[in-house]
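Asks: I have a structure here, written as structure tokens, and I will follow up with some questions on it.
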Amino acid sequence: MKNIIFLFAFACFLTSCNVTESIVFNENESGKFLVTYKMGDAMKAFTDALGGDKPDSEKKEKGEVMDTTMVFADIMETYKDSIAALPKEKQMAMEAVKDMYMTIKMNEDEGIMDVGIGMEFSSIEELKNIQDKLKKVQSLSSQGNHIDGMKSGSPLGKFMESDDKNVSYNMTENGFARTTTVSISEDEEKVMEELFDETDEDDKEFKKYFEEATYNVKLTFPKAVKSVSVEGAEISKDRKTVTYKANWIDYIKNPQLLDVKVEFIDE
């Protein structure tokens, strides 16, 4: 498990991946939250770096295939003695995410690696701290200090690890809203200037990995949708699912690009 989480955290921060944030709501406002990271390109890059890019004639063994779900509450129970020996910070992180799970779908030969972090919720109120929980899952890697060091070596990495934004979700009988609150300190403003300074040659190589990456949002409601505030958003045939996306670099520049207001049809 440690190796999987390390690979997930490393790839999310240092290579290009497409992210999909999905929320499915039931009639009583319970539902499922899942963030999926598609990291096939990242996996290929790691494989090539380890000498895996060989002609078919030289390949003797099939690549690894995995399709599994890890429930953190079950892990805590099964490995409670080992967890009790962890540093207090990691114990608290495990406790904070015990109601979450991680899904892993991997096929090395087909270049597939999808990692998801999810949670079933009984009320939309339970999503108010979801961003903190996602960060805690990422922090559980035993190699976290190495990842922090690599992140801090780049303006992009420094910005991605900042806690300057908070996402809130609200649903009423008439509609739904996803709202991002952003507060940037003077230090973070300086990081932003460095990150998007086109004359900085050192960071161009790093940023190019994110040029084709997107952050996608998929929302499914128990009611039919009348309108969506995001230009270009797609509504399913049954009008209950809304999907839209933003380029990853554009999203980093302005996290509020993913904010949305959805109006339901009055039934």
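Letters A, B, ... go to the chains of the structure tokens in the order shown; residues in each chain start at 1; ligands are counted from 1 in the same order.
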Name the residues in contact with region 102-117 of chain A at a cut-off of 6 Å, using only C-alpha atoms, excluding same-chain residues fewer than 6 positions from it; report them as an MDAnalysis selection string.

Replies: chainID A and resid 34:40 63:70

Asks: Which is closer to Thr181 (chain A) than all the others in A:Ile124, A:Leu258, A:Val137, A:Val242, using only C-alpha atoms?

Replies: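 Looking at the shortest contact to Thr181 (chain A), the residue is A:Leu258.
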
Asks: Between A:Met119, A:Val228, A:Ile235, A:Leu140, which is the closest to Glu89 (chain A) once you count only C-alpha atoms?

Replies: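 Among the listed residues, A:Leu140 lies closest to Glu89 (chain A).
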
Asks: Determine the nearest neighbour of Met76 (chain A) from the options A:Lys133, A:Lys218, A:Lys62, A:Lys90, counting only C-alpha atoms.

Replies: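 Between A:Lys133, A:Lys218, A:Lys62, A:Lys90, the residue approaching Met76 (chain A) most closely is A:Lys90.
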
Asks: Just the number, please: distance in Å from CA of Ser122 (chain A) to CA of Ile23 (chain A), one decimal.

Replies: 12.6 Å

Asks: Which residues come within 6 Å of Thr243 (chain A), counting only C-alpha atoms, excluding same-chain residues fewer than 3 positions away, as a list in words?

Replies: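 Near Thr243 (chain A), the qualifying residues are Val217, Lys218, Ala233 and Glu234 of chain A.
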